[in-house]
Each structure stands twice: as structure tokens, then as C-alpha cells.
$ cat query_19.cif   # mmCIF, C-alpha atoms
data_query
loop_
_atom_site.label_atom_id
_atom_site.label_comp_id
_atom_site.auth_asym_id
_atom_site.auth_seq_id
_atom_site.Cartn_x
_atom_site.Cartn_y
_atom_site.Cartn_z
CA MET A 100 0.00 0.00 0.00
CA SER A 101 1.31 3.42 -0.95
CA LYS A 102 1.99 6.01 1.73
CA GLN A 103 1.96 8.79 -0.84
CA GLU A 104 -0.34 11.70 0.01
CA LEU A 105 -3.23 12.43 -2.31
CA VAL A 106 -3.15 16.06 -3.39
CA VAL A 107 -6.49 17.54 -4.41
CA LEU A 108 -6.22 19.82 -7.42
CA GLY A 109 -6.60 23.45 -6.48
CA GLN A 110 -5.05 22.90 -3.06
CA THR A 111 -1.44 22.92 -2.00
CA ALA A 112 0.27 20.25 0.01
CA ALA A 113 1.66 22.46 2.79
CA PRO A 114 -0.78 24.77 4.55
CA THR A 115 0.49 27.74 6.50
CA ALA A 116 -0.09 28.35 10.18
CA ASP A 117 -3.42 30.05 9.54
CA GLY A 118 -4.67 26.97 7.64
CA CYS A 119 -4.56 28.56 4.19
CA CYS A 120 -2.40 27.84 1.23
CA PRO A 121 1.20 29.07 1.32
CA GLU A 122 1.71 32.34 -0.43
CA LEU A 123 4.06 32.67 -3.36
CA LEU A 124 6.27 34.93 -1.27
CA THR A 125 6.65 32.67 1.79
CA ALA A 126 7.85 29.42 0.25
CA PRO A 127 9.11 28.26 -3.12
CA LEU A 128 6.49 26.57 -5.25
CA ALA A 129 6.83 22.91 -6.05
CA GLU A 130 7.11 22.06 -9.74
CA ASP A 131 3.56 20.66 -9.93
CA GLN A 132 2.15 23.71 -8.11
CA ALA A 133 3.93 26.05 -10.50
CA ALA A 134 2.61 24.13 -13.52
CA GLU A 135 -0.95 24.26 -12.18
CA LEU A 136 -0.74 27.98 -11.41
CA ALA A 137 0.85 28.72 -14.78
CA LYS A 138 -2.25 27.33 -16.53
CA VAL A 139 -4.47 29.73 -14.60
CA PHE A 140 -2.20 32.73 -15.21
CA LYS A 141 -1.90 31.81 -18.88
CA ALA A 142 -5.69 31.83 -19.14
CA LEU A 143 -5.71 35.29 -17.56
CA GLY A 144 -2.88 36.51 -19.77
CA ASP A 145 -5.13 37.23 -22.75
CA PRO A 146 -7.04 40.55 -22.85
CA VAL A 147 -10.17 38.94 -24.32
CA ARG A 148 -10.27 36.26 -21.62
CA LEU A 149 -9.60 38.84 -18.92
CA ARG A 150 -12.52 40.94 -20.20
CA LEU A 151 -14.75 37.85 -20.42
CA LEU A 152 -13.89 36.94 -16.83
CA SER A 153 -14.68 40.48 -15.71
CA MET A 154 -18.00 40.48 -17.53
CA ILE A 155 -18.94 37.12 -16.05
CA ALA A 156 -17.90 38.11 -12.52
CA SER A 157 -19.87 41.34 -12.68
CA GLY A 158 -22.97 39.78 -14.24
CA ALA A 159 -26.31 40.51 -12.57
CA GLY A 160 -27.20 37.69 -10.19
CA GLY A 161 -23.66 36.29 -10.44
CA GLU A 162 -24.08 34.83 -13.90
CA ILE A 163 -24.34 35.90 -17.53
CA CYS A 164 -25.68 34.38 -20.72
CA VAL A 165 -23.31 33.77 -23.60
CA CYS A 166 -25.77 35.76 -25.70
CA ASP A 167 -24.73 38.84 -23.67
CA LEU A 168 -21.00 38.13 -23.99
CA THR A 169 -20.60 37.60 -27.72
CA PRO A 170 -21.85 41.02 -28.93
CA ALA A 171 -19.34 42.81 -26.69
CA PHE A 172 -16.44 41.62 -28.86
CA ASP A 173 -15.51 42.01 -32.50
CA LEU A 174 -14.82 38.27 -32.65
CA SER A 175 -16.69 35.29 -34.04
CA GLN A 176 -18.84 33.12 -31.80
CA PRO A 177 -16.46 30.12 -32.14
CA THR A 178 -13.56 32.30 -31.00
CA ILE A 179 -15.51 33.49 -27.95
CA SER A 180 -16.44 29.86 -27.19
CA HIS A 181 -12.76 28.90 -27.39
CA HIS A 182 -11.79 31.61 -24.90
CA LEU A 183 -14.61 30.52 -22.55
CA LYS A 184 -13.43 26.92 -22.80
CA LEU A 185 -9.92 27.95 -21.75
CA LEU A 186 -11.31 29.86 -18.76
CA ARG A 187 -13.33 26.76 -17.79
CA GLN A 188 -10.30 24.49 -18.14
CA ALA A 189 -8.34 26.83 -15.86
CA GLY A 190 -11.06 26.48 -13.21
CA LEU A 191 -12.01 30.15 -13.27
CA ILE A 192 -15.60 29.78 -14.50
CA ASP A 193 -18.29 27.17 -14.89
CA CYS A 194 -21.40 26.99 -17.01
CA GLU A 195 -24.78 25.36 -17.53
CA ARG A 196 -26.88 24.97 -20.66
CA ARG A 197 -30.45 26.21 -20.31
CA GLY A 198 -32.39 25.51 -23.47
CA THR A 199 -30.57 27.19 -26.34
CA TRP A 200 -28.27 29.35 -24.22
CA VAL A 201 -25.32 28.69 -21.94
CA TYR A 202 -24.96 30.65 -18.70
CA TYR A 203 -21.56 31.28 -17.10
CA TRP A 204 -20.53 32.17 -13.56
CA LEU A 205 -17.29 32.82 -11.70
CA LEU A 206 -15.75 30.16 -9.46
CA PRO A 207 -14.63 32.42 -6.61
CA GLU A 208 -12.57 29.72 -4.90
CA THR A 209 -10.05 29.94 -7.75
CA THR A 210 -9.79 33.72 -7.74
CA ASP A 211 -9.66 33.72 -3.93
CA ARG A 212 -6.82 31.18 -4.10
CA LEU A 213 -4.92 33.38 -6.56
CA ALA A 214 -5.43 36.40 -4.32
CA GLY A 215 -4.13 34.42 -1.33
CA ILE A 216 -1.07 33.24 -3.21
CA LEU A 217 -0.18 36.75 -4.35
CA THR A 218 -0.82 38.51 -1.02
CA ARG A 219 2.30 39.43 0.89
CA PRO A 220 2.42 37.67 4.27
CA GLY A 221 1.28 39.70 7.23
CA ARG A 222 -0.36 42.33 5.06
CA PRO A 223 -3.98 42.71 4.15
CA ALA A 224 -4.95 42.72 0.49
CA PRO A 225 -4.66 46.24 -0.94
CA ALA A 226 -7.82 48.26 -1.34
CA ALA A 227 -9.06 48.91 -4.84
CA PRO A 228 -7.74 52.18 -6.24
CA ARG A 229 -10.19 55.06 -6.32
CA SER A 230 -10.99 56.51 -9.67
#

$ encode --input "query_19.cif" --output "C-alpha cells"
Amino acid sequence: MSKQELVVLGQTAAPTADGCCPELLTAPLAEDQAAELAKVFKALGDPVRLRLLSMIASGAGGEICVCDLTPAFDLSQPTISHHLKLLRQAGLIDCERRGTWVYYWLLPETTDRLAGILTRPGRPAPAAPRS
């Protein structure tokens, strides 16, 4: 019988003292952790996907129909679908088909995890800048 620990995707193997995931700035990332995080950051590294994520996150009622996303871009529907697929594969959003349309919503546990990883230890997350 193996004594190897089972690591659940989206969680790190070594929690910090407060029970949360270790931050990027407190301990070096393991190779598998870095590969997993790189997929999420790569998904966020495209301006179209970043805008899609923002539109989904700010949707009324916490979700938005694909019919409301597509007209906001000067891109074809298959291209928008491809970008949404990459966001889903990165674990940032999820969706559900309702009749003809597909509705998308943010998976806050992933964005919260990213925020926790990037927050400097012992410091609260910075407040949003005022415009």
C-alpha cells in the first residue's frame, strides 16, 4: 500500500499556520504547483479572456448568458467559445446549458486562491484604487 499523500487539485500540500495555502512569497512553489498555477495565469494573460472573466464576474445575479457576452467583442462566436473553454479548463468559471443558451458564472474559490497566493504575508490585500 502506498503512503503517498493524495493532493487535491486546487489545493497545496503544505498549509500555513493560519490553515490557508502558502503564499508565493513565503515558500518556493513545487514544480507541480507552479505548472498548475501557470495554466491559470496563462488563461488570464489574454485581454479577451480577462474581459470575459470580468463580464462574467460582474454579471447581474452572479451569472451571464453567452448571448450577452458575444456582442461585446468584435470576434466570431467560435472564438468566444474557445476563450470561454480555456477559462473553464483553468477552473475560473463554470457553465450550464439552459435551453438554447449557456450561462456562465465565476468560481470564486479559484480567484480567492490566486489572491491568497499573491498577497504578501502579514499584510492585508490592498484596497481597490479610487478613480

$ resolve_selection --input "query_19.cif" --expression "the PyMOL selection byres ((chain A and resi 143-149) around 9)" --output "ChimeraX atom specification"
/A:138-142,150-154,172,179,182-183,185-186

$ resolve_selection --input "query_19.cif" --expression "the PyMOL selection byres ((chain A and resi 195-202) around 9)" --output "list in words"
Glu162, Ile163, Cys164, Val165, Cys166, Asp193, Cys194, Tyr203 and Trp204 of chain A

$ write_last_selection --input "query_19.cif" --atoms "C-alpha atoms" --output "compact mmCIF listing (two decimals), in the coordinates of the input"
# COMPACT_ATOMS: atom_id res chain seq x y z
CA GLU A 162 -24.08 34.83 -13.90
CA ILE A 163 -24.34 35.90 -17.53
CA CYS A 164 -25.68 34.38 -20.72
CA VAL A 165 -23.31 33.77 -23.60
CA CYS A 166 -25.77 35.76 -25.70
CA ASP A 193 -18.29 27.17 -14.89
CA CYS A 194 -21.40 26.99 -17.01
CA TYR A 203 -21.56 31.28 -17.10
CA TRP A 204 -20.53 32.17 -13.56

$ residues_around --input "query_19.cif" --residues "A:Ile192" --least-positions-apart "2" --cutoff "6 Å" --atoms "only C-alpha atoms" --output "mmCIF file with C-alpha atoms, keeping the file's coordinate frame"
data_model
loop_
_atom_site.group_PDB
_atom_site.id
_atom_site.type_symbol
_atom_site.label_atom_id
_atom_site.label_comp_id
_atom_site.auth_asym_id
_atom_site.auth_seq_id
_atom_site.Cartn_x
_atom_site.Cartn_y
_atom_site.Cartn_z
ATOM 1 C CA ARG A 187 -13.330 26.760 -17.790
ATOM 2 C CA GLY A 190 -11.060 26.480 -13.210
ATOM 3 C CA TRP A 204 -20.530 32.170 -13.560
ATOM 4 C CA LEU A 205 -17.290 32.820 -11.700
ATOM 5 C CA LEU A 206 -15.750 30.160 -9.460
#

$ closest_residue --input "query_19.cif" --among "A:Ile155, A:Ala137, A:Ala226, A:Leu217" --to "A:Ala189" --atoms "only C-alpha atoms"
A:Ala137

$ atom_distance --input "query_19.cif" --atom1 "atom CA of A:Leu174" --atom2 "atom CA of A:Leu136"
27.5 Å

$ atom_distance --input "query_19.cif" --atom1 "atom CA of A:Glu208" --atom2 "atom CA of A:Glu135"
14.8 Å

$ atom_distance --input "query_19.cif" --atom1 "atom CA of A:Thr210" --atom2 "atom CA of A:Ala156"
10.4 Å

$ decode --input "query_19.cif" --residues "stretch 149-160 of chain A" --atoms "N, CA and C atoms" --output "CSV table (one decimal), in the first residue's frame"
chain,number,residue,atom,x,y,z
A,149,LEU,N,-9.5,38.0,-20.1
A,149,LEU,CA,-9.6,38.8,-18.9
A,149,LEU,C,-10.9,39.7,-18.9
A,150,ARG,N,-11.3,40.2,-20.1
A,150,ARG,CA,-12.5,40.9,-20.2
A,150,ARG,C,-13.7,40.0,-20.0
A,151,LEU,N,-13.7,38.8,-20.6
A,151,LEU,CA,-14.7,37.8,-20.4
A,151,LEU,C,-14.9,37.5,-18.9
A,152,LEU,N,-13.8,37.3,-18.3
A,152,LEU,CA,-13.9,36.9,-16.8
A,152,LEU,C,-14.5,38.1,-16.1
A,153,SER,N,-14.1,39.3,-16.4
A,153,SER,CA,-14.7,40.5,-15.7
A,153,SER,C,-16.2,40.6,-16.0
A,154,MET,N,-16.6,40.4,-17.2
A,154,MET,CA,-18.0,40.5,-17.5
A,154,MET,C,-18.8,39.4,-16.8
A,155,ILE,N,-18.3,38.2,-16.7
A,155,ILE,CA,-18.9,37.1,-16.1
A,155,ILE,C,-19.0,37.4,-14.6
A,156,ALA,N,-17.9,37.8,-14.0
A,156,ALA,CA,-17.9,38.1,-12.5
A,156,ALA,C,-18.8,39.2,-12.1
A,157,SER,N,-19.0,40.2,-13.0
A,157,SER,CA,-19.9,41.3,-12.7
A,157,SER,C,-21.3,41.2,-13.2
A,158,GLY,N,-21.6,40.0,-13.7
A,158,GLY,CA,-23.0,39.8,-14.2
A,158,GLY,C,-24.0,39.9,-13.1
A,159,ALA,N,-25.2,40.4,-13.5
A,159,ALA,CA,-26.3,40.5,-12.6
A,159,ALA,C,-26.7,39.1,-12.1
A,160,GLY,N,-26.8,39.0,-10.8
A,160,GLY,CA,-27.2,37.7,-10.2
A,160,GLY,C,-26.0,36.7,-10.2
